Every structure is written in structure tokens, then in C-alpha cells.
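Q: Structure in C-alpha cells, see below.
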Amino acid sequence: MTLLFLLIYFAIIMTVIEIHVILFHLTGLKKEVSRFQVISMMTGTGYTTGESEFILSHPLRRKLGIFLILFGAFSLAVIISSVSSLLEDDLRTSAILYIAAFVICVFSMLKAPFVQKFLLRKLEHKSRVIEKDTTTLPIREVSLKEEDEQVFEFQIKGDSPLINNKMTEIMKEHDSVDFVVLMIKREDVKIRNNIEEAKLQSGDQLYLFGKKQEIEKTFTLEK
């Protein structure tokens with residue numbers, strides 16, 4: 001009965017994992033990333049990757065993650081208790097021998113050259129598929145290295161002295177090169193190429209990245 005209980009409980013755990021994989025996927029997370037993060041949270045391994053930011057930065061995913069962590073801790077206690085009971089009451093030497101024989105058979109198969117070649121081809125194919133896949137990381141993860149580095153948005157006002165000036169001229173005038181221009185949005189047009197040579201117009205929205213003090217000093221009126 002203890003063994004049957006364990007099998008049923010493992011089935012419940014696998015079902016809970018797949019349910020949360022679907023829920024995470026519906027929030028926009030890839031299934032591969034979802035499954036890894038769900039198992040990581042449920043087992044309490046605390047495996048840290050840049051992808052974990054996707055969980056922390058999303059309110060619904062955080063709530064799902066809290067449930068997984070609590071359910072995983074409870075499940076671990078149940079499994080330990082059940083396994084202890086199984087070892088105490090039902091496990092016999094013959095069962096240990098069967099388990100040992102199974103593990104040795106798997107090990108022997110993996111040592112066989114033809115099995116290794118087959119697995120190598122499969123893994124190489126899987127690696128090529130993974131290499132084509134990309135995951136977007138939060139901008140703070142890839143670029144924000146210091147506390148005073150931020151992304152800013154400014155709009156050029158109609159009376160701004162910066163109108164008809166190029167970004168190269170503005171940066172040269174203020175002796176500041178401690179920020180970069182990410183994009184200029186002009187109505188429905190987004191300017192990304194040769195931004196430094198584009199002359200600013202009234203209503204332009206500037207997206208800048210750099211040190212807060214330098215940017216605010218350069219764009220005092222727009223701030």
C-alpha cells in the first residue's frame with residue numbers, strides 16, 4: 001500500500017508540474033523555460049539563471065511560484081515519510097537486488113559504443129535546435145551595472161534650444177559622452193540608424209541610457 005501511495009503521489013506531482021508549465025506558458029514564457037523553472041521551484045534547488053527574472057518580474061508567475069515552493073516542501077516531507085515506512089516494512093533484499101540489477105544494466109548500455117554514438121547524434125541535433133532559440137532578458141539584467149545608470153525618456157518641447165541640433169553637437173557642447181541614445185521616436189517613425197546625425201524636432205521622444213546626473217544636466221528643460 002505504501003508503494004501504491006508513492007506511485008499515486010508521484011503522478012499527482014507530475015500533473016501539478018504540467019499544469020504550471022501550461023500556466024507559465026500562457027503568460028508568455030516558453031515551455032522549455034517554464035518546465036525548468038517549475039521543477040526548480042518545486043524541488044527547492046534554488047537554481048539561479050537569468051531566466052528566473054521572468055518569474056520575479058511577473059505578478060501572476062510569482063503567485064504560482066509561491067504555491068510551487070510550498071507544495072514542493074510539503075511533498076518532500078510526504079515522500080520522505082513514505083519512503084521511510086517502505087524501507088522499514090516492505091523492502092526486502094530481493095527488491096534491492098532488482099534495483100541494483102536495473103541500474104547496472106542501464107550503466108552497461110551507456111558504456112556500449114553504438115549506444116553512445118546514437119545518443120551523441122541525438123544530443124547534437126538537440127543542441128543545434130537550442131542554438132537557434134533565443135530568450136529576451138530584462139534590460140536591467142544585461143545593461144544596468146551601476147545604481148545611477150538608468151533608461152530615460154524625454155520629449156523635446158516646442159521652445160527647447162535643442163531643436164535643429166544634432167546629438168553629436170549636443171554631446172560635444174556639454175562635454176558629456178557618458179550616455180548613449182537608444183532611439184528617437186518621431187510620431188510613428190522610430191529612428192535607430194545614424195541617430196547622432198538626426199536633427200531634433202519639436203515633439204521628438206528621446207530614449208537614452210546612461211548616468212542620471214549627466215543626462216539630466218544635458219536635458220534640463222526637457223526633464
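Please note that chains go A, B, ... in the order of the C-alpha cells, that every chain numbers its residues from 1, and that ligands are numbered from 1 in the order shown.
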Tell me which protein, DNA and RNA residues are within 12 Å of Leu206 in chain A, counting only C-alpha atoms, leaving out same-chain ones fewer than 6 positions away, and put them as a list in words.
A: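 Within the cut-off, the hits are Val151, Phe152, Glu153, Phe154, Gln155, Ile156, Lys157, Leu162, Met167, Val180, Val181, Leu182, Met183, Ile184, Lys185, Arg186, Glu187, Lys190, Ile191, Arg192, Ile195, Glu196, Ala198, Lys199, Leu200, Ile215, Phe219, Glu222 and Lys223 of chain A.
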Q: Separation of CA of Phe179 in chain A and CA of Lys212 in chain A, in Å?
A: 8.8 Å
Q: Within 12 Å of Phe71 in chain A, counting only C-alpha atoms, which residues show up once you throw out same-chain ones fewer than 6 positions away? Write them as a list in words, please.
A: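 What passes the distance filter is Ile12, Ile13, Val16, Ile17, Val38, Ile39, Met41, Met42, Thr43, Gly44, Leu64, Gly65, Ala77 and Val78 of chain A.
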Q: Any chance you could export the current selection's all heavy atoms as a short mmCIF file (atom, residue, chain, number, x, y, z; two decimals), in the first residue's frame?
A:
```
data_model
loop_
_atom_site.label_atom_id
_atom_site.label_comp_id
_atom_site.auth_asym_id
_atom_site.auth_seq_id
_atom_site.Cartn_x
_atom_site.Cartn_y
_atom_site.Cartn_z
N ILE A 12 0.54 12.68 -9.02
CA ILE A 12 -0.01 14.00 -8.69
C ILE A 12 1.03 15.08 -8.89
O ILE A 12 0.75 16.15 -9.45
CB ILE A 12 -0.52 14.00 -7.23
CG1 ILE A 12 -1.73 13.07 -7.09
CG2 ILE A 12 -0.89 15.42 -6.78
CD1 ILE A 12 -2.20 12.89 -5.66
N ILE A 13 2.26 14.82 -8.44
CA ILE A 13 3.34 15.80 -8.59
C ILE A 13 3.60 16.11 -10.07
O ILE A 13 3.72 17.28 -10.46
CB ILE A 13 4.63 15.28 -7.92
CG1 ILE A 13 4.46 15.26 -6.40
CG2 ILE A 13 5.83 16.15 -8.31
CD1 ILE A 13 5.62 14.65 -5.66
N VAL A 16 0.80 18.27 -11.38
CA VAL A 16 0.94 19.65 -10.91
C VAL A 16 2.02 20.38 -11.71
O VAL A 16 1.85 21.56 -12.08
CB VAL A 16 1.26 19.68 -9.40
CG1 VAL A 16 1.65 21.08 -8.95
CG2 VAL A 16 0.07 19.18 -8.59
N ILE A 17 3.11 19.70 -11.99
CA ILE A 17 4.19 20.30 -12.79
C ILE A 17 3.68 20.70 -14.17
O ILE A 17 3.89 21.83 -14.63
CB ILE A 17 5.38 19.33 -12.91
CG1 ILE A 17 6.11 19.21 -11.58
CG2 ILE A 17 6.35 19.80 -14.00
CD1 ILE A 17 7.22 18.18 -11.57
N VAL A 38 9.71 25.57 -13.17
CA VAL A 38 8.71 24.92 -12.32
C VAL A 38 9.36 23.83 -11.48
O VAL A 38 9.15 23.75 -10.26
CB VAL A 38 7.57 24.34 -13.17
CG1 VAL A 38 6.70 23.38 -12.34
CG2 VAL A 38 6.70 25.46 -13.72
N ILE A 39 10.16 22.98 -12.12
CA ILE A 39 10.83 21.90 -11.38
C ILE A 39 11.83 22.47 -10.38
O ILE A 39 11.97 21.97 -9.26
CB ILE A 39 11.53 20.95 -12.36
CG1 ILE A 39 10.48 20.23 -13.23
CG2 ILE A 39 12.38 19.91 -11.62
CD1 ILE A 39 11.07 19.38 -14.32
N MET A 41 11.66 25.36 -8.78
CA MET A 41 10.95 25.90 -7.61
C MET A 41 10.34 24.79 -6.76
O MET A 41 10.37 24.85 -5.54
CB MET A 41 9.87 26.88 -8.08
CG MET A 41 10.41 28.21 -8.55
SD MET A 41 9.11 29.39 -9.01
CE MET A 41 8.59 28.71 -10.59
N MET A 42 9.77 23.78 -7.42
CA MET A 42 9.12 22.72 -6.66
C MET A 42 10.12 21.91 -5.85
O MET A 42 9.83 21.49 -4.73
CB MET A 42 8.35 21.80 -7.61
CG MET A 42 7.63 20.67 -6.89
SD MET A 42 6.56 19.71 -7.97
CE MET A 42 5.22 20.86 -8.20
N THR A 43 11.32 21.69 -6.39
CA THR A 43 12.31 20.90 -5.68
C THR A 43 13.14 21.74 -4.72
O THR A 43 13.92 21.20 -3.94
CB THR A 43 13.26 20.21 -6.67
OG1 THR A 43 13.85 21.20 -7.53
CG2 THR A 43 12.51 19.20 -7.52
N GLY A 44 12.96 23.07 -4.77
CA GLY A 44 13.69 23.93 -3.85
C GLY A 44 15.18 23.94 -4.09
O GLY A 44 15.96 24.19 -3.16
N LEU A 64 2.17 31.87 -8.62
CA LEU A 64 2.30 30.45 -8.96
C LEU A 64 3.57 29.86 -8.35
O LEU A 64 3.58 28.72 -7.89
CB LEU A 64 2.31 30.28 -10.48
CG LEU A 64 1.02 30.65 -11.22
CD1 LEU A 64 1.24 30.59 -12.73
CD2 LEU A 64 -0.13 29.75 -10.81
N GLY A 65 4.64 30.66 -8.36
CA GLY A 65 5.90 30.20 -7.80
C GLY A 65 5.81 29.96 -6.30
O GLY A 65 6.39 29.00 -5.79
N ALA A 77 8.31 16.28 2.40
CA ALA A 77 8.05 15.67 3.72
C ALA A 77 7.22 14.40 3.57
O ALA A 77 7.49 13.38 4.23
CB ALA A 77 7.33 16.68 4.62
N VAL A 78 6.22 14.42 2.69
CA VAL A 78 5.36 13.25 2.48
C VAL A 78 6.18 12.10 1.90
O VAL A 78 6.06 10.94 2.34
CB VAL A 78 4.19 13.61 1.54
CG1 VAL A 78 3.43 12.34 1.13
CG2 VAL A 78 3.26 14.59 2.22
#
```
Q: State, in Å with one decimal place, the distance from CA of Met171 in chain A to CA of Thr218 in chain A.
A: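 Atom-to-atom, CA of Met171 in chain A and CA of Thr218 in chain A are spaced 7.9 Å apart.
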Q: At a cut-off of 10 Å, using only C-alpha atoms, what residues contact Arg35 in chain A? Leave out same-chain residues fewer than 5 positions from it and give the result as a PyMOL selection string.
A: chain A and resi 17-18+20-22+24-25+29-30+40
Q: Pick from A:Tyr9, A:Ser202, A:Gln37, A:Phe107: nearest to Leu68 in chain A, with only C-alpha atoms counted?
A: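 Checking each candidate against Leu68 in chain A, we get A:Gln37 as the closest.
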Q: What separation in Å, quoted to one decimal, exists between CA of Arg61 in chain A and CA of Leu23 in chain A?
A: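 Separation of CA of Arg61 in chain A and CA of Leu23 in chain A: 8.5 Å.
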